[in-house]
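Engineer: Please see the structure below; I have some questions.
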Amino acid sequence: MLLYWMDLLGVAVFAVSGALAAGRLELDLLGVLVLASLTAIGGGTLRDVLMNRHPIFWMEKPAYLLVICLAALGTVLYVQLQVLPIPLQALLVADAIGLALFALSGAQLAEKARLSPLIVVLMGTMTGVAGGVMRDVCSSQVPLLLKQDIYATAAIAGIVLYLLLKKARVPESWAFWIGLVVVAGLRLSAIFLGWQLPVFRLAGTA
Amino acid sequence: MLLYWMDLLGVAVFAVSGALAAGRLELDLLGVLVLASLTAIGGGTLRDVLMNRHPIFWMEKPAYLLVICLAALGTVLYVQLQVLPIPLQALLVADAIGLALFALSGAQLAEKARLSPLIVVLMGTMTGVAGGVMRDVCSSQVPLLLKQDIYATAAIAGIVLYLLLKKARVPESWAFWIGLVVVAGLRLSAIFLGWQLPVFRLAGTA
Amino acid sequence: MLLYWMDLLGVAVFAVSGALAAGRLELDLLGVLVLASLTAIGGGTLRDVLMNRHPIFWMEKPAYLLVICLAALGTVLYVQLQVLPIPLQALLVADAIGLALFALSGAQLAEKARLSPLIVVLMGTMTGVAGGVMRDVCSSQVPLLLKQDIYATAAIAGIVLYLLLKKARVPESWAFWIGLVVVAGLRLSAIFLGWQLPVFRLAGTA
C-alpha cells in the first residue's frame, strides 16, 4: 500500500519533469500533457510490453493518468503564476526518489517473472530511465541518459545490491529499502558532488 | 464494410503525408516507403501492442501494406510528373478525415476490450496521432503534434462526445458518425480559422 | 547450432557499430552500452513484440547481453589504446553479414508463424534494420536507413529470393544460404561500387 502511494509519487515527479521540458520547447497545453505522460509512464509501459504483462499497469488503474494530468497542469499554473521560484533542488531530489522507486519496483516485477539476474537488473533500470529517454527523443535531443550516466548507473548499482542482499538472506523488504536509498543517494551525490563516468571520444581517431 | 473501406482510405491519406515528409528530407524510394508506412500504421500498431491484440491489424490483411505502397509510389510519381500542383487543401481535408476515422475506430476497439472511459479516449487519440509523431521523430523534428494541439484535441473532443452520446442512449452508429464529423470539423476549423490552444513558456522563469 | 553462433556474431558486429556511434556523440561508458544494445537487439526485439513471441529472445539467453557488453567495451579499449587503426572496411563487411543473418533469420521466424509472404519480407527486413534506426533516432539524426536504401533493399531482395527458391522446391538450407549471400553481396556492392536508389525531392514544388 505504501508502495502504491510511492509509485504514484514517482509518476507525479516524472510528469513534472516532462511538463518542464515541454515549457522549454514552448509547447501548447496538450503537448505538455503528452510529454508529461511519456516521461511518467514510458518506462513502465516498455517494461510491461517486453515482459508481456497485460493489461499495461496504467490501463487497470486510471489513477496514474489522473495524477499525471494534475501534476502537469499544476506545473503550468505554478510557472504562470510565478508565486515562488521553481524549486529546482527539490525537483532533483524528487526525481532521484522517482528513479529509485521505479528501478526497484521494476526489478521486483522481473524477479517475480523468474527472469535471470542480468535481465532483472536491465528491466529495473529500463523502468527507471526509459521515460526520460522518450521525453528527450520527442524533444529532438540526444537523450540526457546517454550523457549523464550516474543516472542509470545509480539504478544498476542499487538493483545489484538489492539482489546481493537477498542472496545473503537479508529479508526482502530490508533489501528493497536499502537498494532504494542507494539509488537515490548515488544519484544525489552525483548531482551535488559532480560525479561522472569517463567519456568515450572518437575524436582522436575519426 | 463501409468502415473497412474508410479505414483503407485513412491509411492511404496518412501514407501520402508520410511520403511528402520524405520528399522534404530528400530520402530515396525506400525511405519514402518506410516513412509512409510508419505514418500510416504506426498509431494502430502501438494501440494493438498496448492492448495485446494479436495478430497486429496489418499482419492479417496485407491490403493495408499494398495500399500504403500504392499511395506512396503514386505520390512520388505525381510530384515528379508535375502535371498539376499538389492539392494541399485537399490533403488537409483528407488528413482530417483520416484522423477522425482512426480516432473513432481506435476508441471502439478499446471499448470492446472493456477499458475505462479515460483509457478509451487515450487509445482512440493515440491511434489517430501516434503515426504522425513517429514520422516526425524519424525526421529528427519535434513532433508537430506537440506544437499543434487542435490536432489531438479534436480527436479527444470527438471521442468524448461519442461516449457521452452513447451514455445518453443514442444508437452507436449515430454516435460514431457524429463523433467522426466533430473530429474532422474541429480539425478543419482549427486549420482554416487559425484556432490554437494557449502555449506554455518557461522563458520568463528559466 | 552454427546459426546460433552466427547470430551472436551479428549481435557483436551491430554492438560495435553502436559503440562507435556513441564515440562520435562523446557519450560516457553507460551511454556506450545503451547505444550498443539498442543497435544490436532493437530489431529482433521489435520483431518479437509485433509477432507476440515471448519471452523476447534476449530474455531467455543472457549470452546476447554478455556478448554486447564485451563487444562494446572491447571497442572502447581498442579505440583508447590506439594500437591499430580502426579497420573500417572490415567493419562494413561484418555489418553486411550481420544484416544478412538478421534478415534471413527474422524471415524464417515469420514463416514459421505462417504469416503471408509480404509480411515475411517485412518482418525479416525490420529485424535487420530497425536496430540501426533506433541508434540513429537516439543520436538525434535522420536514420541512415532512410537515406541509404541499398541497405534495406538488399535485405528485401535476399528474402524475396529465399522465398522464391523455396517455392521452386530448392531445399530450405540451400535457399537460406543463397539468400544470405545475396543480401551481403548486394550490400557490399552498394558500398564499394557506390550503388544508390533514386532520390525523391520536393524541392521543385515546395
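In the C-alpha cells, chains take letters A, B, ... by order of appearance, with residues numbered from 1 within each chain and ligands from 1 in the order shown.
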Report as CSV: every residue of chain B with an atom at most 6 Å from chain C, its closest pair of atoms, and their distance in Å to one decimal, counting only C-alpha atoms, with rows sorted by chain and ascending residue number.
Structural biologist:
residue,atom,partner,partner_atom,distance
B:Gly23,CA,C:Arg201,CA,4.8
B:Arg24,CA,C:Leu202,CA,5.5
B:Glu26,CA,C:Arg201,CA,4.9
B:Leu27,CA,C:Lys147,CA,5.2
B:Asp28,CA,C:Val199,CA,3.9
B:Leu30,CA,C:Asp149,CA,5.8
B:Gly31,CA,C:Leu146,CA,4.1
B:Cys138,CA,C:Val142,CA,6.0
B:Ser139,CA,C:Val142,CA,5.4
B:Ser140,CA,C:Val142,CA,5.4
Engineer: Write the residues of the selection above to a file with C-alpha atoms, as an mmCIF file, in the first residue's frame.
Structural biologist:
data_model
loop_
_atom_site.group_PDB
_atom_site.id
_atom_site.type_symbol
_atom_site.label_atom_id
_atom_site.label_comp_id
_atom_site.auth_asym_id
_atom_site.auth_seq_id
_atom_site.Cartn_x
_atom_site.Cartn_y
_atom_site.Cartn_z
ATOM 1 C CA GLY B 23 10.286 14.284 -50.096
ATOM 2 C CA ARG B 24 11.129 17.232 -47.879
ATOM 3 C CA GLU B 26 15.196 14.141 -49.857
ATOM 4 C CA LEU B 27 15.025 10.449 -48.986
ATOM 5 C CA ASP B 28 15.326 7.725 -51.575
ATOM 6 C CA LEU B 30 12.780 3.003 -49.869
ATOM 7 C CA GLY B 31 12.933 5.791 -47.307
ATOM 8 C CA CYS B 138 12.230 9.780 -37.514
ATOM 9 C CA SER B 139 12.564 13.059 -39.428
ATOM 10 C CA SER B 140 14.521 14.344 -36.414
#
Engineer: Need the shell around Gly185 of chain B: protein/DNA/RNA residues with any atom at most 10 Å away, counting only C-alpha atoms. Skip same-chain ones fewer than 6 positions apart. Format as a ChimeraX atom specification?
Structural biologist: /B:93,96-97,100,154,158,179,191
Engineer: Pull N, CA and C atoms from the residues just selected and write them as an mmCIF file, in the first residue's frame.
Structural biologist:
data_model
loop_
_atom_site.group_PDB
_atom_site.id
_atom_site.type_symbol
_atom_site.label_atom_id
_atom_site.label_comp_id
_atom_site.auth_asym_id
_atom_site.auth_seq_id
_atom_site.Cartn_x
_atom_site.Cartn_y
_atom_site.Cartn_z
ATOM 1 N N VAL B 93 -7.850 18.208 -45.825
ATOM 2 C CA VAL B 93 -9.182 17.661 -45.586
ATOM 3 C C VAL B 93 -9.094 16.142 -45.424
ATOM 4 N N ALA B 96 -7.663 15.218 -42.103
ATOM 5 C CA ALA B 96 -8.629 15.390 -41.010
ATOM 6 C C ALA B 96 -9.584 14.208 -40.961
ATOM 7 N N ILE B 97 -9.978 13.724 -42.148
ATOM 8 C CA ILE B 97 -10.874 12.561 -42.189
ATOM 9 C C ILE B 97 -10.153 11.319 -41.669
ATOM 10 N N ALA B 100 -10.002 11.465 -37.928
ATOM 11 C CA ALA B 100 -11.306 11.184 -37.331
ATOM 12 C C ALA B 100 -11.598 9.683 -37.355
ATOM 13 N N ALA B 154 -8.843 17.788 -31.114
ATOM 14 C CA ALA B 154 -10.026 17.471 -31.907
ATOM 15 C C ALA B 154 -10.419 16.010 -31.714
ATOM 16 N N GLY B 158 -13.989 14.701 -30.017
ATOM 17 C CA GLY B 158 -14.915 13.839 -30.753
ATOM 18 C C GLY B 158 -15.170 12.527 -30.032
ATOM 19 N N GLY B 179 -19.444 11.713 -33.818
ATOM 20 C CA GLY B 179 -18.074 11.880 -33.328
ATOM 21 C C GLY B 179 -17.099 12.135 -34.468
ATOM 22 N N ILE B 191 -7.575 24.597 -38.677
ATOM 23 C CA ILE B 191 -6.678 24.951 -39.779
ATOM 24 C C ILE B 191 -7.120 26.238 -40.451
#
Engineer: Need the shell around Phe14 of chain B: protein/DNA/RNA residues with any atom at most 8 Å away, counting only C-alpha atoms. Skip same-chain ones fewer than 2 positions apart. Format as a list in words?
Structural biologist: Gly10, Val11, Ala12, Val16, Ser17, Gly18, Ala36, Thr39, Ala40, Asp95 and Gly98 of chain B
Engineer: Restricted to N, CA and C atoms, what would the selected residues look like written as a PDB file, in the first residue's frame?
Structural biologist:
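The result, written out as selection_4.pdb:
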ATOM      1  N   GLY B  10      -8.147   6.064 -44.849  1.00  0.00           N
ATOM      2  CA  GLY B  10      -7.338   6.742 -43.833  1.00  0.00           C
ATOM      3  C   GLY B  10      -5.870   6.349 -43.946  1.00  0.00           C
ATOM      4  N   VAL B  11      -5.616   5.063 -44.120  1.00  0.00           N
ATOM      5  CA  VAL B  11      -4.243   4.584 -44.277  1.00  0.00           C
ATOM      6  C   VAL B  11      -3.596   5.236 -45.498  1.00  0.00           C
ATOM      7  N   ALA B  12      -4.342   5.308 -46.607  1.00  0.00           N
ATOM      8  CA  ALA B  12      -3.788   5.889 -47.836  1.00  0.00           C
ATOM      9  C   ALA B  12      -3.429   7.359 -47.622  1.00  0.00           C
ATOM     10  N   VAL B  16       0.289   9.150 -47.837  1.00  0.00           N
ATOM     11  CA  VAL B  16       0.648  10.290 -48.684  1.00  0.00           C
ATOM     12  C   VAL B  16       1.360  11.351 -47.849  1.00  0.00           C
ATOM     13  N   SER B  17       0.867  11.604 -46.630  1.00  0.00           N
ATOM     14  CA  SER B  17       1.505  12.639 -45.808  1.00  0.00           C
ATOM     15  C   SER B  17       2.918  12.212 -45.412  1.00  0.00           C
ATOM     16  N   GLY B  18       3.111  10.916 -45.155  1.00  0.00           N
ATOM     17  CA  GLY B  18       4.461  10.431 -44.859  1.00  0.00           C
ATOM     18  C   GLY B  18       5.380  10.546 -46.063  1.00  0.00           C
ATOM     19  N   ALA B  36       6.252   6.453 -45.120  1.00  0.00           N
ATOM     20  CA  ALA B  36       4.815   6.367 -45.402  1.00  0.00           C
ATOM     21  C   ALA B  36       4.169   5.282 -44.525  1.00  0.00           C
ATOM     22  N   THR B  39       3.925   6.335 -40.757  1.00  0.00           N
ATOM     23  CA  THR B  39       2.875   7.311 -40.549  1.00  0.00           C
ATOM     24  C   THR B  39       1.497   6.658 -40.605  1.00  0.00           C
ATOM     25  N   ALA B  40       1.336   5.720 -41.551  1.00  0.00           N
ATOM     26  CA  ALA B  40       0.006   5.160 -41.794  1.00  0.00           C
ATOM     27  C   ALA B  40      -0.384   4.102 -40.760  1.00  0.00           C
ATOM     28  N   ASP B  95      -6.530  14.409 -44.507  1.00  0.00           N
ATOM     29  CA  ASP B  95      -5.828  14.107 -43.259  1.00  0.00           C
ATOM     30  C   ASP B  95      -6.785  14.227 -42.065  1.00  0.00           C
ATOM     31  N   GLY B  98      -8.889  11.171 -42.054  1.00  0.00           N
ATOM     32  CA  GLY B  98      -8.099  10.034 -41.561  1.00  0.00           C
ATOM     33  C   GLY B  98      -7.983  10.062 -40.045  1.00  0.00           C
TER      34      GLY B  98
END
Engineer: For atom CA of Leu161 of chain C and atom CA of Ala175 of chain C, quote the distance in Å rounded to one decimal.
Structural biologist: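 For atom CA of Leu161 of chain C relative to atom CA of Ala175 of chain C, the distance reads 7.9 Å.
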Engineer: State, in Å with one decimal place, the distance from atom CA of Gly131 of chain B to atom CA of Gly43 of chain B.
Structural biologist: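 Atom-to-atom, atom CA of Gly131 of chain B and atom CA of Gly43 of chain B are spaced 4.5 Å apart.
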Engineer: Applying 9 Å and only C-alpha atoms, which residues near Ile159 of chain B remain after dropping the ones on its own chain fewer than 2 positions away? List them as a PyMOL selection string.
Structural biologist: chain B and resi 103-104+107+120-121+124-125+154-157+161-164+176+179-180+182-183
Engineer: Those selected residues, please, written with N, CA and C atoms and delivered as a PDB file, in the first residue's frame.
Structural biologist:
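Written out: part.pdb:
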ATOM      1  N   ALA B 103      -9.283   7.761 -34.910  1.00  0.00           N
ATOM      2  CA  ALA B 103      -9.596   8.060 -33.508  1.00  0.00           C
ATOM      3  C   ALA B 103     -10.846   7.302 -33.076  1.00  0.00           C
ATOM      4  N   LEU B 104     -11.915   7.367 -33.896  1.00  0.00           N
ATOM      5  CA  LEU B 104     -13.164   6.712 -33.502  1.00  0.00           C
ATOM      6  C   LEU B 104     -13.040   5.198 -33.546  1.00  0.00           C
ATOM      7  N   ALA B 107     -11.082   4.061 -30.567  1.00  0.00           N
ATOM      8  CA  ALA B 107     -11.894   4.153 -29.346  1.00  0.00           C
ATOM      9  C   ALA B 107     -12.853   2.968 -29.254  1.00  0.00           C
ATOM     10  N   VAL B 120     -10.220   4.652 -22.968  1.00  0.00           N
ATOM     11  CA  VAL B 120     -10.815   4.618 -24.310  1.00  0.00           C
ATOM     12  C   VAL B 120     -10.448   5.889 -25.075  1.00  0.00           C
ATOM     13  N   VAL B 121     -10.561   7.045 -24.392  1.00  0.00           N
ATOM     14  CA  VAL B 121     -10.211   8.312 -25.039  1.00  0.00           C
ATOM     15  C   VAL B 121      -8.728   8.305 -25.419  1.00  0.00           C
ATOM     16  N   GLY B 124      -8.019   5.879 -28.412  1.00  0.00           N
ATOM     17  CA  GLY B 124      -8.500   6.431 -29.675  1.00  0.00           C
ATOM     18  C   GLY B 124      -7.596   7.550 -30.165  1.00  0.00           C
ATOM     19  N   THR B 125      -7.245   8.446 -29.256  1.00  0.00           N
ATOM     20  CA  THR B 125      -6.399   9.576 -29.635  1.00  0.00           C
ATOM     21  C   THR B 125      -5.042   9.080 -30.124  1.00  0.00           C
ATOM     22  N   ALA B 154      -8.843  17.788 -31.114  1.00  0.00           N
ATOM     23  CA  ALA B 154     -10.026  17.471 -31.907  1.00  0.00           C
ATOM     24  C   ALA B 154     -10.419  16.010 -31.714  1.00  0.00           C
ATOM     25  N   ALA B 155      -9.401  15.130 -31.717  1.00  0.00           N
ATOM     26  CA  ALA B 155      -9.681  13.703 -31.522  1.00  0.00           C
ATOM     27  C   ALA B 155     -10.301  13.466 -30.148  1.00  0.00           C
ATOM     28  N   ILE B 156      -9.721  14.101 -29.122  1.00  0.00           N
ATOM     29  CA  ILE B 156     -10.243  13.918 -27.763  1.00  0.00           C
ATOM     30  C   ILE B 156     -11.696  14.380 -27.684  1.00  0.00           C
ATOM     31  N   ALA B 157     -11.983  15.571 -28.232  1.00  0.00           N
ATOM     32  CA  ALA B 157     -13.333  16.123 -28.147  1.00  0.00           C
ATOM     33  C   ALA B 157     -14.343  15.199 -28.824  1.00  0.00           C
ATOM     34  N   LEU B 161     -17.393  13.132 -26.961  1.00  0.00           N
ATOM     35  CA  LEU B 161     -18.774  13.321 -27.386  1.00  0.00           C
ATOM     36  C   LEU B 161     -19.420  11.976 -27.748  1.00  0.00           C
ATOM     37  N   TYR B 162     -18.668  11.141 -28.482  1.00  0.00           N
ATOM     38  CA  TYR B 162     -19.164   9.812 -28.849  1.00  0.00           C
ATOM     39  C   TYR B 162     -19.560   9.017 -27.604  1.00  0.00           C
ATOM     40  N   LEU B 163     -18.720   9.051 -26.579  1.00  0.00           N
ATOM     41  CA  LEU B 163     -19.008   8.294 -25.356  1.00  0.00           C
ATOM     42  C   LEU B 163     -20.220   8.871 -24.631  1.00  0.00           C
ATOM     43  N   LEU B 164     -20.316  10.207 -24.600  1.00  0.00           N
ATOM     44  CA  LEU B 164     -21.452  10.842 -23.914  1.00  0.00           C
ATOM     45  C   LEU B 164     -22.760  10.519 -24.633  1.00  0.00           C
ATOM     46  N   PHE B 176     -21.240   7.276 -33.473  1.00  0.00           N
ATOM     47  CA  PHE B 176     -19.989   7.133 -34.215  1.00  0.00           C
ATOM     48  C   PHE B 176     -19.849   8.212 -35.284  1.00  0.00           C
ATOM     49  N   GLY B 179     -19.444  11.713 -33.818  1.00  0.00           N
ATOM     50  CA  GLY B 179     -18.074  11.880 -33.328  1.00  0.00           C
ATOM     51  C   GLY B 179     -17.099  12.135 -34.468  1.00  0.00           C
ATOM     52  N   LEU B 180     -17.282  11.362 -35.531  1.00  0.00           N
ATOM     53  CA  LEU B 180     -16.429  11.483 -36.710  1.00  0.00           C
ATOM     54  C   LEU B 180     -16.489  12.890 -37.296  1.00  0.00           C
ATOM     55  N   VAL B 182     -17.411  15.593 -35.809  1.00  0.00           N
ATOM     56  CA  VAL B 182     -16.881  16.593 -34.877  1.00  0.00           C
ATOM     57  C   VAL B 182     -15.352  16.632 -34.927  1.00  0.00           C
ATOM     58  N   VAL B 183     -14.710  15.464 -34.951  1.00  0.00           N
ATOM     59  CA  VAL B 183     -13.242  15.456 -35.028  1.00  0.00           C
ATOM     60  C   VAL B 183     -12.773  16.164 -36.295  1.00  0.00           C
TER      61      VAL B 183
END
Engineer: What does the structure give for the distance between atom CA of Val32 of chain B and atom CA of Tyr4 of chain B, in Å to one decimal?
Structural biologist: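 About the pair atom CA of Val32 of chain B and atom CA of Tyr4 of chain B: they are 24.8 Å apart.
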Engineer: Please determine, counting only C-alpha atoms, which residue among C:Gln108, C:Ser37, C:Gln82, C:Ser173 has the shortest atom-to-atom distance to Leu70 of chain C.
Structural biologist: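 Nearest candidate to Leu70 of chain C out of C:Gln108, C:Ser37, C:Gln82, C:Ser173: C:Ser37.
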